[in-house]
$ cat structure35.txt   # compact mmCIF, C-alpha atoms and all ligand atoms
# COMPACT_ATOMS: atom_id res chain seq x y z
CA MET L 26 2.32 -6.67 -7.36
CA THR L 27 -0.04 -8.91 -9.32
CA ALA L 28 -2.06 -7.20 -11.97
CA THR L 29 -5.71 -8.07 -11.33
CA ARG L 30 -7.64 -5.18 -12.86
CA VAL L 31 -9.40 -5.32 -16.21
CA LEU L 32 -10.75 -2.26 -18.03
CA VAL L 33 -13.72 -3.12 -20.24
CA LEU L 34 -14.45 -0.80 -23.18
CA ASN L 35 -17.62 -0.78 -25.24
CA SER L 36 -17.26 1.63 -28.17
CA GLY L 37 -20.43 2.58 -30.02
CA SER L 38 -20.69 4.83 -33.07
CA SER L 39 -20.86 8.00 -30.95
CA SER L 40 -20.31 6.69 -27.43
CA LEU L 41 -17.73 4.99 -25.26
CA LYS L 42 -18.83 3.04 -22.17
CA TYR L 43 -16.35 1.61 -19.70
CA GLN L 44 -16.01 -0.31 -16.46
CA LEU L 45 -12.95 -1.08 -14.39
CA LEU L 46 -13.11 -4.33 -12.42
CA ASP L 47 -10.76 -5.91 -9.93
CA MET L 48 -10.79 -9.63 -10.64
CA ALA L 49 -9.05 -10.43 -7.33
CA ASP L 50 -12.45 -10.07 -5.63
CA GLY L 51 -14.75 -9.35 -8.60
CA SER L 52 -15.45 -5.80 -7.41
CA LYS L 53 -16.28 -2.95 -9.75
CA LEU L 54 -14.02 0.04 -9.14
CA ALA L 55 -15.31 2.58 -11.65
CA THR L 56 -17.79 2.94 -14.47
CA GLY L 57 -18.82 5.63 -16.89
CA LEU L 58 -19.61 6.77 -20.36
CA VAL L 59 -18.74 9.40 -22.91
CA GLU L 60 -21.63 10.18 -25.22
CA ARG L 61 -22.31 12.39 -28.24
CA ILE L 62 -18.67 12.02 -29.33
CA GLY L 63 -17.96 14.38 -32.24
CA GLU L 64 -20.78 16.76 -31.32
CA ALA L 65 -20.38 20.23 -29.81
CA ALA L 66 -21.83 19.15 -26.45
CA SER L 67 -20.28 15.76 -25.69
CA ARG L 68 -20.92 14.49 -22.17
CA CYS L 69 -18.68 12.47 -19.90
CA VAL L 70 -20.08 10.85 -16.75
CA HIS L 71 -17.63 9.05 -14.49
CA THR L 72 -18.56 7.15 -11.34
CA LEU L 73 -16.04 5.94 -8.81
CA LEU L 74 -17.65 2.90 -7.23
CA ALA L 75 -14.94 2.17 -4.68
CA HIS L 76 -14.55 4.18 -1.43
CA GLY L 77 -18.26 4.93 -0.97
CA GLY L 78 -18.82 6.12 -4.55
CA SER L 79 -18.97 9.52 -6.22
CA THR L 80 -19.97 10.79 -9.66
CA ARG L 81 -18.45 13.55 -11.80
CA GLU L 82 -19.98 14.92 -14.95
CA GLN L 83 -18.45 17.15 -17.62
CA SER L 84 -19.61 18.47 -20.93
CA GLY L 85 -17.71 20.02 -23.82
CA HIS L 86 -16.53 19.05 -27.28
CA ILE L 87 -14.88 15.62 -27.49
CA ALA L 88 -13.77 15.31 -31.11
CA ASP L 89 -13.34 11.56 -31.57
CA HIS L 90 -12.91 8.20 -29.83
CA ALA L 91 -9.21 8.84 -29.25
CA ALA L 92 -10.06 12.02 -27.34
CA ALA L 93 -12.85 10.18 -25.51
CA LEU L 94 -10.50 7.46 -24.30
CA LYS L 95 -7.99 10.09 -23.20
CA ALA L 96 -10.78 11.77 -21.21
CA VAL L 97 -11.62 8.41 -19.59
CA ALA L 98 -7.94 7.81 -18.80
CA ALA L 99 -7.76 11.25 -17.13
CA GLU L 100 -10.87 10.51 -15.03
CA LEU L 101 -9.46 7.15 -13.91
CA ASP L 102 -6.12 8.79 -13.19
CA ALA L 103 -7.78 11.40 -10.96
CA ASP L 104 -9.11 8.52 -8.85
CA GLY L 105 -5.71 6.82 -8.66
CA LEU L 106 -6.88 4.12 -11.10
CA GLY L 107 -4.98 5.35 -14.18
CA LEU L 108 -4.20 3.29 -17.28
CA ASP L 109 -0.50 3.31 -16.38
CA SER L 110 -1.17 1.49 -13.11
CA PRO L 111 0.85 -1.74 -12.74
CA GLU L 112 -2.34 -3.33 -11.40
CA LEU L 113 -4.01 -3.14 -14.81
CA ALA L 114 -3.78 -6.63 -16.35
CA ALA L 115 -5.54 -6.06 -19.66
CA ILE L 116 -8.08 -4.03 -21.59
CA GLY L 117 -11.13 -5.95 -22.85
CA HIS L 118 -13.00 -4.70 -25.90
CA ARG L 119 -16.54 -5.63 -26.79
CA VAL L 120 -16.54 -6.37 -30.52
CA VAL L 121 -19.94 -6.91 -32.07
CA HIS L 122 -19.09 -9.13 -35.03
CA GLY L 123 -16.46 -11.85 -34.96
CA GLY L 124 -17.82 -13.85 -37.91
CA LEU L 125 -17.02 -17.54 -37.81
CA ARG L 126 -13.33 -17.04 -37.23
CA PHE L 127 -13.55 -15.79 -33.63
CA THR L 128 -15.14 -18.37 -31.38
CA ALA L 129 -13.41 -17.22 -28.17
CA PRO L 130 -11.83 -14.09 -26.67
CA THR L 131 -8.71 -13.20 -28.62
CA VAL L 132 -5.60 -11.13 -27.86
CA VAL L 133 -5.48 -8.42 -30.52
CA ASP L 134 -2.47 -8.17 -32.82
CA ASP L 135 -2.24 -6.63 -36.30
CA ALA L 136 -3.59 -9.79 -37.99
CA VAL L 137 -6.60 -9.97 -35.63
CA LEU L 138 -7.34 -6.30 -36.20
CA GLN L 139 -7.23 -6.86 -39.95
CA GLU L 140 -9.67 -9.76 -39.64
CA ILE L 141 -12.07 -7.63 -37.56
CA GLU L 142 -11.81 -5.00 -40.32
CA ARG L 143 -12.62 -7.64 -42.92
CA LEU L 144 -15.94 -8.16 -41.11
CA VAL L 145 -17.01 -4.52 -41.48
CA PRO L 146 -19.26 -5.29 -44.50
CA VAL L 147 -21.38 -7.60 -42.31
CA ALA L 148 -21.39 -5.21 -39.32
CA PRO L 149 -21.12 -1.71 -40.82
CA LEU L 150 -22.79 0.01 -37.87
CA HIS L 151 -20.75 -1.60 -35.11
CA ASN L 152 -17.32 -2.97 -36.01
CA PRO L 153 -15.80 0.37 -37.18
CA ALA L 154 -16.38 1.96 -33.75
CA ASN L 155 -15.02 -1.16 -32.01
CA ILE L 156 -11.88 -1.00 -34.19
CA ILE L 157 -11.28 2.67 -33.33
CA GLY L 158 -11.61 1.80 -29.62
CA ILE L 159 -9.01 -0.95 -29.93
CA ARG L 160 -6.57 1.17 -31.95
CA THR L 161 -6.79 4.04 -29.47
CA ALA L 162 -6.29 1.80 -26.44
CA ARG L 163 -3.31 0.15 -28.13
CA GLU L 164 -1.72 3.54 -28.69
CA LEU L 165 -2.19 4.46 -25.03
CA ARG L 166 -0.90 1.15 -23.62
CA PRO L 167 0.96 -0.73 -26.41
CA ASP L 168 2.55 -3.08 -23.87
CA LEU L 169 -0.74 -4.27 -22.37
CA PRO L 170 -2.80 -7.21 -23.70
CA GLN L 171 -5.80 -5.85 -25.61
CA VAL L 172 -8.41 -8.58 -25.79
CA ALA L 173 -11.40 -8.65 -28.13
CA VAL L 174 -14.55 -10.37 -26.83
CA PHE L 175 -17.09 -11.01 -29.56
CA ASP L 176 -20.89 -10.74 -29.31
CA THR L 177 -21.16 -13.52 -31.87
CA ALA L 178 -18.74 -16.00 -30.24
CA PHE L 179 -21.23 -17.79 -27.99
CA HIS L 180 -23.43 -18.54 -31.01
CA THR L 181 -20.74 -20.12 -33.19
CA THR L 182 -21.78 -23.52 -31.78
CA MET L 183 -25.14 -23.33 -33.60
CA PRO L 184 -25.59 -26.28 -35.93
CA GLU L 185 -25.78 -25.57 -39.67
CA SER L 186 -29.49 -26.39 -39.56
CA ALA L 187 -30.04 -23.33 -37.35
CA ALA L 188 -27.31 -21.10 -38.75
CA ARG L 189 -27.97 -21.34 -42.49
CA TYR L 190 -30.65 -19.47 -44.37
CA ALA L 191 -32.41 -21.56 -47.00
CA ILE L 192 -30.93 -19.62 -49.91
CA ASP L 193 -28.51 -20.58 -52.68
CA VAL L 194 -25.45 -21.98 -50.90
CA GLU L 195 -22.85 -20.50 -53.30
CA THR L 196 -24.31 -17.00 -53.01
CA ALA L 197 -24.54 -17.32 -49.22
CA ASP L 198 -20.96 -18.54 -48.87
CA ALA L 199 -19.52 -15.99 -51.29
CA HIS L 200 -20.94 -13.16 -49.16
CA ARG L 201 -20.68 -14.86 -45.73
CA ILE L 202 -24.46 -14.73 -45.37
CA ARG L 203 -25.62 -16.84 -42.45
CA ARG L 204 -27.12 -16.41 -39.01
CA TYR L 205 -24.46 -15.23 -36.52
CA GLY L 206 -26.52 -14.06 -33.54
CA PHE L 207 -25.61 -11.26 -31.12
CA HIS L 208 -25.77 -10.39 -27.37
CA GLY L 209 -23.60 -13.51 -26.97
CA THR L 210 -21.82 -12.41 -23.78
CA SER L 211 -25.21 -11.79 -22.17
CA HIS L 212 -26.66 -15.14 -23.28
CA ALA L 213 -23.52 -16.92 -22.02
CA TYR L 214 -23.55 -15.15 -18.66
CA VAL L 215 -27.29 -15.49 -18.04
CA SER L 216 -27.50 -19.15 -19.06
CA ARG L 217 -24.65 -19.98 -16.65
CA LYS L 218 -26.19 -17.90 -13.83
CA THR L 219 -29.55 -19.59 -14.39
CA ALA L 220 -27.96 -23.02 -13.99
CA ALA L 221 -26.35 -21.82 -10.74
CA LEU L 222 -29.72 -20.50 -9.54
CA LEU L 223 -31.11 -24.02 -10.04
CA GLY L 224 -28.16 -25.46 -8.11
CA ARG L 225 -26.90 -27.25 -11.22
CA THR L 226 -23.90 -26.98 -13.55
CA PRO L 227 -24.42 -25.46 -17.03
CA ASP L 228 -23.94 -28.83 -18.78
CA GLU L 229 -26.90 -30.26 -16.85
CA VAL L 230 -29.56 -27.79 -17.94
CA ASN L 231 -31.40 -26.56 -21.02
CA VAL L 232 -32.26 -22.87 -20.85
CA ILE L 233 -34.19 -20.41 -23.01
CA VAL L 234 -32.66 -16.95 -22.46
CA LEU L 235 -34.81 -13.93 -23.31
CA HIS L 236 -32.58 -10.86 -23.51
CA LEU L 237 -35.18 -8.07 -23.70
CA GLY L 238 -33.54 -4.64 -23.82
CA ASN L 239 -33.90 -1.95 -26.44
CA GLY L 240 -32.38 -4.59 -28.71
CA ALA L 241 -33.86 -8.01 -27.96
CA SER L 242 -32.92 -11.60 -28.68
CA ALA L 243 -33.78 -15.10 -27.54
CA SER L 244 -31.47 -18.10 -27.41
CA ALA L 245 -31.80 -21.83 -26.89
CA VAL L 246 -28.92 -23.12 -24.77
CA ALA L 247 -28.55 -26.90 -24.41
CA GLY L 248 -26.16 -28.03 -21.68
CA GLY L 249 -24.29 -24.70 -21.79
CA VAL L 250 -24.01 -24.69 -25.59
CA CYS L 251 -26.00 -22.32 -27.83
CA VAL L 252 -28.05 -24.27 -30.39
CA ASP L 253 -30.20 -21.45 -31.77
CA THR L 254 -30.69 -17.71 -31.43
CA SER L 255 -33.13 -15.22 -32.86
CA MET L 256 -30.80 -12.59 -34.35
CA GLY L 257 -29.26 -13.41 -37.71
CA LEU L 258 -26.78 -11.92 -40.17
CA THR L 259 -27.42 -8.63 -38.35
CA PRO L 260 -29.22 -7.73 -35.12
CA LEU L 261 -32.41 -7.01 -37.11
CA GLU L 262 -33.89 -10.52 -37.17
CA GLY L 263 -36.10 -12.07 -34.51
CA LEU L 264 -38.06 -10.48 -31.69
CA VAL L 265 -39.91 -7.16 -31.84
CA MET L 266 -37.44 -4.60 -30.41
CA GLY L 267 -37.46 -0.97 -29.31
CA THR L 268 -36.93 0.39 -32.82
CA ARG L 269 -36.28 -2.74 -34.96
CA SER L 270 -38.94 -4.81 -36.67
CA GLY L 271 -37.48 -8.25 -36.00
CA ASP L 272 -38.80 -11.00 -38.31
CA ILE L 273 -40.46 -9.75 -41.47
CA ASP L 274 -41.28 -11.23 -44.87
CA PRO L 275 -38.27 -10.18 -47.02
CA ALA L 276 -40.72 -9.41 -49.82
CA VAL L 277 -41.85 -6.37 -47.81
CA ILE L 278 -38.51 -4.85 -48.86
CA PHE L 279 -39.15 -5.53 -52.58
CA HIS L 280 -42.62 -4.08 -52.16
CA LEU L 281 -41.32 -0.91 -50.50
CA THR L 282 -38.78 -0.53 -53.33
CA ARG L 283 -41.12 -1.21 -56.22
CA VAL L 284 -44.41 0.18 -54.95
CA ALA L 285 -43.39 2.85 -52.43
CA GLY L 286 -40.23 3.89 -54.34
CA MET L 287 -38.06 3.79 -51.24
CA SER L 288 -34.27 3.48 -51.46
CA VAL L 289 -32.30 0.71 -49.73
CA ASP L 290 -30.98 3.22 -47.18
CA GLU L 291 -34.49 4.45 -46.44
CA ILE L 292 -35.75 0.91 -45.90
CA ASP L 293 -32.72 0.13 -43.74
CA ALA L 294 -33.55 3.15 -41.55
CA LEU L 295 -37.25 2.23 -41.49
CA LEU L 296 -36.64 -1.34 -40.29
CA ASN L 297 -33.78 -0.56 -37.87
CA LYS L 298 -34.80 2.80 -36.43
CA LYS L 299 -38.49 3.48 -37.07
CA SER L 300 -40.04 0.06 -36.52
CA GLY L 301 -40.58 -2.23 -33.54
CA LEU L 302 -42.35 -0.65 -30.57
CA VAL L 303 -41.54 2.89 -31.69
CA GLY L 304 -42.98 2.27 -35.14
CA LEU L 305 -46.09 0.62 -33.73
CA CYS L 306 -46.98 3.16 -31.06
CA GLY L 307 -44.42 5.99 -31.00
CA ASP L 308 -42.71 4.87 -27.76
CA ASN L 309 -39.95 2.35 -27.23
CA ASP L 310 -39.79 2.55 -23.44
CA MET L 311 -41.80 -0.33 -21.99
CA ARG L 312 -42.64 1.70 -18.86
CA GLU L 313 -44.34 4.34 -21.00
CA ILE L 314 -46.16 1.71 -23.08
CA VAL L 315 -47.56 -0.02 -19.97
CA ARG L 316 -48.58 3.36 -18.53
CA ARG L 317 -50.43 4.23 -21.76
CA MET L 318 -52.11 0.81 -21.73
CA ASP L 319 -53.37 1.51 -18.21
CA GLU L 320 -55.07 4.60 -19.68
CA GLY L 321 -56.71 2.46 -22.37
CA ASP L 322 -54.46 3.63 -25.25
CA ARG L 323 -55.27 1.32 -28.21
CA ARG L 324 -51.98 1.76 -30.09
CA ALA L 325 -49.94 0.98 -26.99
CA GLU L 326 -52.11 -2.12 -26.42
CA LEU L 327 -51.55 -3.30 -29.99
CA ALA L 328 -47.77 -2.72 -29.79
CA PHE L 329 -47.63 -4.69 -26.54
CA ALA L 330 -49.75 -7.51 -28.01
CA ILE L 331 -47.48 -7.85 -31.08
CA TYR L 332 -44.36 -7.77 -28.88
CA ILE L 333 -45.76 -10.54 -26.64
CA HIS L 334 -47.09 -12.65 -29.52
CA ARG L 335 -43.59 -12.80 -31.09
CA LEU L 336 -42.00 -13.59 -27.73
CA LYS L 337 -44.40 -16.49 -27.17
CA LYS L 338 -43.67 -17.87 -30.63
CA TYR L 339 -39.96 -17.97 -29.82
CA ILE L 340 -40.55 -19.61 -26.43
CA GLY L 341 -42.60 -22.28 -28.21
CA ALA L 342 -40.08 -22.69 -31.03
CA TYR L 343 -37.12 -23.02 -28.67
CA THR L 344 -39.03 -25.49 -26.50
CA ALA L 345 -39.30 -27.62 -29.64
CA VAL L 346 -35.62 -27.05 -30.53
CA LEU L 347 -34.45 -28.07 -27.04
CA GLY L 348 -36.90 -30.94 -26.50
CA ARG L 349 -36.66 -30.48 -22.74
CA VAL L 350 -36.54 -27.06 -21.09
CA ASP L 351 -35.38 -26.63 -17.49
CA ALA L 352 -35.64 -22.86 -17.29
CA VAL L 353 -36.72 -19.72 -19.09
CA ALA L 354 -34.65 -16.71 -18.01
CA PHE L 355 -35.69 -13.07 -18.50
CA THR L 356 -32.90 -10.48 -18.65
CA ALA L 357 -31.90 -6.91 -19.78
CA GLY L 358 -33.87 -3.67 -19.25
CA VAL L 359 -37.35 -5.00 -20.05
CA GLY L 360 -36.80 -8.60 -18.93
CA GLU L 361 -35.37 -7.58 -15.56
CA ASN L 362 -37.85 -4.81 -14.80
CA SER L 363 -41.18 -5.36 -16.53
CA ALA L 364 -43.44 -7.69 -14.53
CA PRO L 365 -46.31 -7.14 -17.04
CA VAL L 366 -44.13 -8.35 -19.94
CA ARG L 367 -43.00 -11.45 -18.01
CA ALA L 368 -46.56 -12.28 -16.94
CA ALA L 369 -47.97 -11.82 -20.46
CA ALA L 370 -45.16 -13.77 -22.17
CA VAL L 371 -45.81 -16.84 -20.03
CA ALA L 372 -49.64 -16.54 -19.77
CA GLY L 373 -51.39 -19.53 -21.30
CA LEU L 374 -48.20 -21.59 -21.66
CA ASP L 375 -49.14 -24.04 -18.87
CA GLY L 376 -49.16 -26.74 -21.55
CA LEU L 377 -45.39 -26.18 -21.87
CA GLY L 378 -44.98 -26.38 -18.08
CA LEU L 379 -44.58 -22.61 -17.76
CA ALA L 380 -46.22 -20.39 -15.17
CA VAL L 381 -45.42 -17.25 -13.17
CA ASP L 382 -46.32 -16.65 -9.51
CA ALA L 383 -47.93 -13.19 -9.44
CA GLY L 384 -46.48 -12.35 -6.01
CA LEU L 385 -42.92 -13.37 -6.89
CA ASN L 386 -43.15 -11.67 -10.28
CA ALA L 387 -44.13 -8.36 -8.65
CA VAL L 388 -41.05 -8.25 -6.37
CA ARG L 389 -38.43 -5.74 -7.52
CA SER L 390 -34.85 -6.85 -6.98
CA ASP L 391 -31.46 -6.69 -8.65
CA LYS L 392 -30.73 -10.30 -7.66
CA ALA L 393 -31.20 -13.44 -9.77
CA ARG L 394 -34.46 -15.05 -8.64
CA LEU L 395 -37.15 -17.58 -9.50
CA ILE L 396 -40.65 -16.29 -10.25
CA SER L 397 -42.37 -19.59 -11.10
CA PRO L 398 -44.64 -21.30 -8.53
CA GLU L 399 -42.93 -23.94 -6.41
CA GLY L 400 -42.95 -27.35 -8.08
CA SER L 401 -43.23 -25.95 -11.65
CA ARG L 402 -41.99 -28.31 -14.38
CA VAL L 403 -40.02 -25.44 -15.96
CA ALA L 404 -38.38 -22.77 -13.79
CA VAL L 405 -39.02 -19.16 -14.80
CA ALA L 406 -36.23 -16.85 -13.65
CA VAL L 407 -35.23 -13.20 -13.68
CA VAL L 408 -31.45 -13.03 -14.04
CA PRO L 409 -29.83 -9.57 -14.28
CA THR L 410 -27.27 -9.60 -17.05
CA ASP L 411 -23.76 -8.19 -16.65
CA GLU L 412 -21.96 -8.09 -19.98
CA GLU L 413 -19.01 -6.10 -18.59
CA ARG L 414 -18.39 -8.68 -15.86
CA GLU L 415 -18.61 -11.51 -18.40
CA ILE L 416 -16.14 -9.72 -20.70
CA ALA L 417 -13.77 -9.02 -17.78
CA GLN L 418 -13.94 -12.66 -16.63
CA GLN L 419 -13.19 -13.96 -20.12
CA VAL L 420 -10.32 -11.49 -20.57
CA TYR L 421 -8.79 -12.24 -17.19
CA ALA L 422 -9.03 -16.00 -17.72
CA LEU L 423 -7.28 -15.62 -21.08
CA VAL L 424 -4.39 -13.43 -19.89
CA ASN L 425 -3.79 -15.70 -16.91
CA ASP L 426 -3.85 -18.87 -18.95
P1 LIG L 501 -31.35 -2.14 -22.17
O1 LIG L 501 -31.17 -2.04 -23.66
O2 LIG L 501 -31.10 -3.50 -21.62
O3 LIG L 501 -30.63 -1.06 -21.42
O4 LIG L 501 -32.91 -1.87 -21.91
C1 LIG L 501 -33.49 -0.60 -22.14
C2 LIG L 501 -35.01 -0.72 -22.10
O5 LIG L 501 -35.43 -1.32 -20.87
C3 LIG L 501 -35.75 0.60 -22.13
O6 LIG L 501 -35.96 1.04 -23.45
C4 LIG L 501 -37.06 0.29 -21.45
O7 LIG L 501 -37.99 -0.15 -22.43
C5 LIG L 501 -36.74 -0.90 -20.57
N1 LIG L 501 -36.84 -0.61 -19.14
C6 LIG L 501 -35.90 -0.05 -18.35
N2 LIG L 501 -36.36 0.07 -17.08
C7 LIG L 501 -37.61 -0.42 -17.08
C8 LIG L 501 -38.63 -0.58 -16.08
N3 LIG L 501 -38.44 -0.20 -14.81
N4 LIG L 501 -39.81 -1.13 -16.47
C9 LIG L 501 -40.00 -1.53 -17.74
N5 LIG L 501 -39.10 -1.41 -18.72
C10 LIG L 501 -37.92 -0.86 -18.40
$ encode --input "structure35.txt" --output "structure tokens" --more "lines below"
Ligand code: AMP
Amino acid sequence: MTATRVLVLNSGSSSLKYQLLDMADGSKLATGLVERIGEAASRCVHTLLAHGGSTREQSGHIADHAAALKAVAAELDADGLGLDSPELAAIGHRVVHGGLRFTAPTVVDDAVLQEIERLVPVAPLHNPANIIGIRTARELRPDLPQVAVFDTAFHTTMPESAARYAIDVETADAHRIRRYGFHGTSHAYVSRKTAALLGRTPDEVNVIVLHLGNGASASAVAGGVCVDTSMGLTPLEGLVMGTRSGDIDPAVIFHLTRVAGMSVDEIDALLNKKSGLVGLCGDNDMREIVRRMDEGDRRAELAFAIYIHRLKKYIGAYTAVLGRVDAVAFTAGVGENSAPVRAAAVAGLDGLGLAVDAGLNAVRSDKARLISPEGSRVAVAVVPTDEEREIAQQVYALVND
């Protein structure tokens, strides 16, 4: 029997998300998540997607990631899709930070794990959880390839002019300070899908990808290769996000220290968790913000205006970086679902060849589609992202190499 299944694991600080795919036909067999790991009331939701689909939910204390993965293994086993199945080809792990060393998916051995650990200082919120996920999966199936797929990998092609901050080179190099970029699997997948939507190959097109979820980032992709992206050393830089500020004058931090007497940890929490849309208007869900705007809520209007202003600046900047743009692609929770955000982001950009057809923009669909008027110089597209599928494809290609 050929092994064609790939289990994709995405370990967060207190959650574990998973999907099981069969790469023989690209189908998704099961998906689920364990959340509030370590708390008294952890929750496990498992959905069998094959055979008509069914969902099971359980709650109870799940002490740590090892216990969470065991719970996932038990759920899969109950559906005849257990981790000991000979059809399982590999386990793919989303790893947030791969630094400069990891430019492609990598089979994990002790040396690779050590290198991922070495990157913890630049990704303190994410890499530790990813490492625990890998260790636990290795213990459960030591014989199976465990493959790390890095959020940063797609961006390692950025030229130095885009990747370096204009700070003292020795200091930057000593502390590995540079722009790495994140959401790489999504930018890779969506830029490729956008090319296919245009009936072209990735090397033929230049695409601006706008990944607008709770976290948000833009990228400039020239002929399939990332040449710039909006997130930097950490996922804090760039666009206005659900709870993160995005770009800010670094002197705001000195000011908050010296004048407001805030500690580094307090400022970190302010900029990562209490800023962005939530800081501006108290809500980070775009549906709620648009609803409040419809009622004439001034704070929601201001939050939306700041969000859109930043987005437009990046579209303009990346048009300049690319020289020629063939398509702008909207993706992730907000990009795929919010017609008002797409319309506002493109409004007034006719000079750049960008426009949205109101009728096409209003259509709700989970398919990749064009929303620009026929004959537009630049295509505007909505392309649902699928990071798990991208990870599974990369893992499967590597283990079958
Ligand atoms: P993600 O991080 O990609 O899962 O995106 C989550 C965000 O997508 C939420 O915080 C919402 O702001 C947004 N979102 C989800 N569904 C919708 C929708 N139907 N309309 C507008 N925004 C949405």
$ residues_around --input "structure35.txt" --residues "segment 352-357 of chain L" --least-positions-apart "6" --cutoff "6 Å" --atoms "all atoms listed in the file" --output "PDB file with C-alpha atoms, in the coordinates of the input"
ATOM      1  CA  VAL L 232     -32.260 -22.870 -20.850  1.00  0.00           C
ATOM      2  CA  ILE L 233     -34.190 -20.410 -23.010  1.00  0.00           C
ATOM      3  CA  VAL L 234     -32.660 -16.950 -22.460  1.00  0.00           C
ATOM      4  CA  LEU L 235     -34.810 -13.930 -23.310  1.00  0.00           C
ATOM      5  CA  HIS L 236     -32.580 -10.860 -23.510  1.00  0.00           C
ATOM      6  CA  LEU L 237     -35.180  -8.070 -23.700  1.00  0.00           C
ATOM      7  CA  GLY L 238     -33.540  -4.640 -23.820  1.00  0.00           C
ATOM      8  CA  VAL L 403     -40.020 -25.440 -15.960  1.00  0.00           C
ATOM      9  CA  ALA L 404     -38.380 -22.770 -13.790  1.00  0.00           C
ATOM     10  CA  VAL L 405     -39.020 -19.160 -14.800  1.00  0.00           C
ATOM     11  CA  ALA L 406     -36.230 -16.850 -13.650  1.00  0.00           C
ATOM     12  CA  VAL L 407     -35.230 -13.200 -13.680  1.00  0.00           C
ATOM     13  CA  VAL L 408     -31.450 -13.030 -14.040  1.00  0.00           C
ATOM     14  CA  PRO L 409     -29.830  -9.570 -14.280  1.00  0.00           C
ATOM     15  CA  THR L 410     -27.270  -9.600 -17.050  1.00  0.00           C
TER      16      THR L 410
END
$ closest_residue --input "structure35.txt" --among "L:Ala162, L:Asn35, L:His151, L:Leu144" --to "Lys95 of chain L" --atoms "only C-alpha atoms"
L:Ala162
$ closest_atom_pairs --input "structure35.txt" --of "segment 185-213 of chain L" --to "segment 110-124 of chain L" --cutoff "9 Å" --atoms "all atoms listed in the file" --output "CSV"
residue,atom,partner,partner_atom,distance
L:Arg201,CA,L:Gly124,CA,8.4
L:Tyr205,CA,L:Gly124,CA,6.9
L:Phe207,CA,L:Val121,CA,7.2
L:His208,CA,L:Val121,CA,8.3
$ closest_atom_pairs --input "structure35.txt" --of "chain L" --to "ligand LIG 501 (chain L)" --cutoff "8 Å" --atoms "all atoms listed in the file" --output "JSON lines"
{"residue": "L:His236", "atom": "CA", "partner": "L:LIG501", "partner_atom": "O2", "distance": 7.7}
{"residue": "L:Leu237", "atom": "CA", "partner": "L:LIG501", "partner_atom": "O2", "distance": 6.5}
{"residue": "L:Gly238", "atom": "CA", "partner": "L:LIG501", "partner_atom": "O4", "distance": 3.4}
{"residue": "L:Asn239", "atom": "CA", "partner": "L:LIG501", "partner_atom": "O1", "distance": 3.9}
{"residue": "L:Gly240", "atom": "CA", "partner": "L:LIG501", "partner_atom": "O1", "distance": 5.8}
{"residue": "L:Ala241", "atom": "CA", "partner": "L:LIG501", "partner_atom": "O1", "distance": 7.8}
{"residue": "L:Gly267", "atom": "CA", "partner": "L:LIG501", "partner_atom": "O6", "distance": 6.4}
{"residue": "L:Asn309", "atom": "CA", "partner": "L:LIG501", "partner_atom": "O6", "distance": 5.7}
{"residue": "L:Asp310", "atom": "CA", "partner": "L:LIG501", "partner_atom": "O7", "distance": 3.4}
{"residue": "L:Met311", "atom": "CA", "partner": "L:LIG501", "partner_atom": "O7", "distance": 3.8}
{"residue": "L:Arg312", "atom": "CA", "partner": "L:LIG501", "partner_atom": "C9", "distance": 4.3}
{"residue": "L:Glu313", "atom": "CA", "partner": "L:LIG501", "partner_atom": "O7", "distance": 7.9}
{"residue": "L:Thr356", "atom": "CA", "partner": "L:LIG501", "partner_atom": "O2", "distance": 7.8}
{"residue": "L:Ala357", "atom": "CA", "partner": "L:LIG501", "partner_atom": "O2", "distance": 4.0}
{"residue": "L:Gly358", "atom": "CA", "partner": "L:LIG501", "partner_atom": "O5", "distance": 3.3}
{"residue": "L:Val359", "atom": "CA", "partner": "L:LIG501", "partner_atom": "C5", "distance": 4.2}
{"residue": "L:Gly360", "atom": "CA", "partner": "L:LIG501", "partner_atom": "N5", "distance": 7.6}
{"residue": "L:Glu361", "atom": "CA", "partner": "L:LIG501", "partner_atom": "C7", "distance": 7.7}
{"residue": "L:Asn362", "atom": "CA", "partner": "L:LIG501", "partner_atom": "C8", "distance": 4.5}
{"residue": "L:Ser363", "atom": "CA", "partner": "L:LIG501", "partner_atom": "C9", "distance": 4.2}
{"residue": "L:Ala364", "atom": "CA", "partner": "L:LIG501", "partner_atom": "N4", "distance": 7.7}
$ residues_around --input "structure35.txt" --residues "Ile340 of chain L" --least-positions-apart "4" --cutoff "9 Å" --atoms "all atoms listed in the file" --output "PyMOL selection string"
chain L and resi 233+235+243+335-336+344-345+353+370-371
$ residues_around --input "structure35.txt" --residues "Arg68 of chain L" --least-positions-apart "4" --cutoff "10 Å" --atoms "only C-alpha atoms" --output "MDAnalysis selection string"
chainID L and resid 40 58:62 64 82:87 93
$ atom_distance --input "structure35.txt" --atom1 "atom CA of Asp382 of chain L" --atom2 "atom CA of Val230 of chain L"
21.8 Å
$ residues_near_point --input "structure35.txt" --point "(-24.8, -1.9, -35.1)" --cutoff "10 Å" --atoms "all atoms listed in the file" --output "list in words"
Gly37, Ser38, Val121, His122, Val147, Ala148, Pro149, Leu150, His151, Asn152, Pro153, Ala154, Thr259, Pro260, Leu261 and Asn297 of chain L
$ closest_residue --input "structure35.txt" --among "L:Ala129, L:Leu296, L:Ala328, L:Leu165" --to "Ala213 of chain L" --atoms "all atoms listed in the file"
L:Ala129
$ residues_around --input "structure35.txt" --residues "Lys299 of chain L" --least-positions-apart "2" --cutoff "6 Å" --atoms "all atoms listed in the file" --output "mmCIF file with C-alpha atoms, in the coordinates of the input"
data_model
loop_
_atom_site.group_PDB
_atom_site.id
_atom_site.type_symbol
_atom_site.label_atom_id
_atom_site.label_comp_id
_atom_site.auth_asym_id
_atom_site.auth_seq_id
_atom_site.Cartn_x
_atom_site.Cartn_y
_atom_site.Cartn_z
ATOM 1 C CA THR L 268 -36.930 0.390 -32.820
ATOM 2 C CA LEU L 295 -37.250 2.230 -41.490
ATOM 3 C CA GLY L 304 -42.980 2.270 -35.140
#
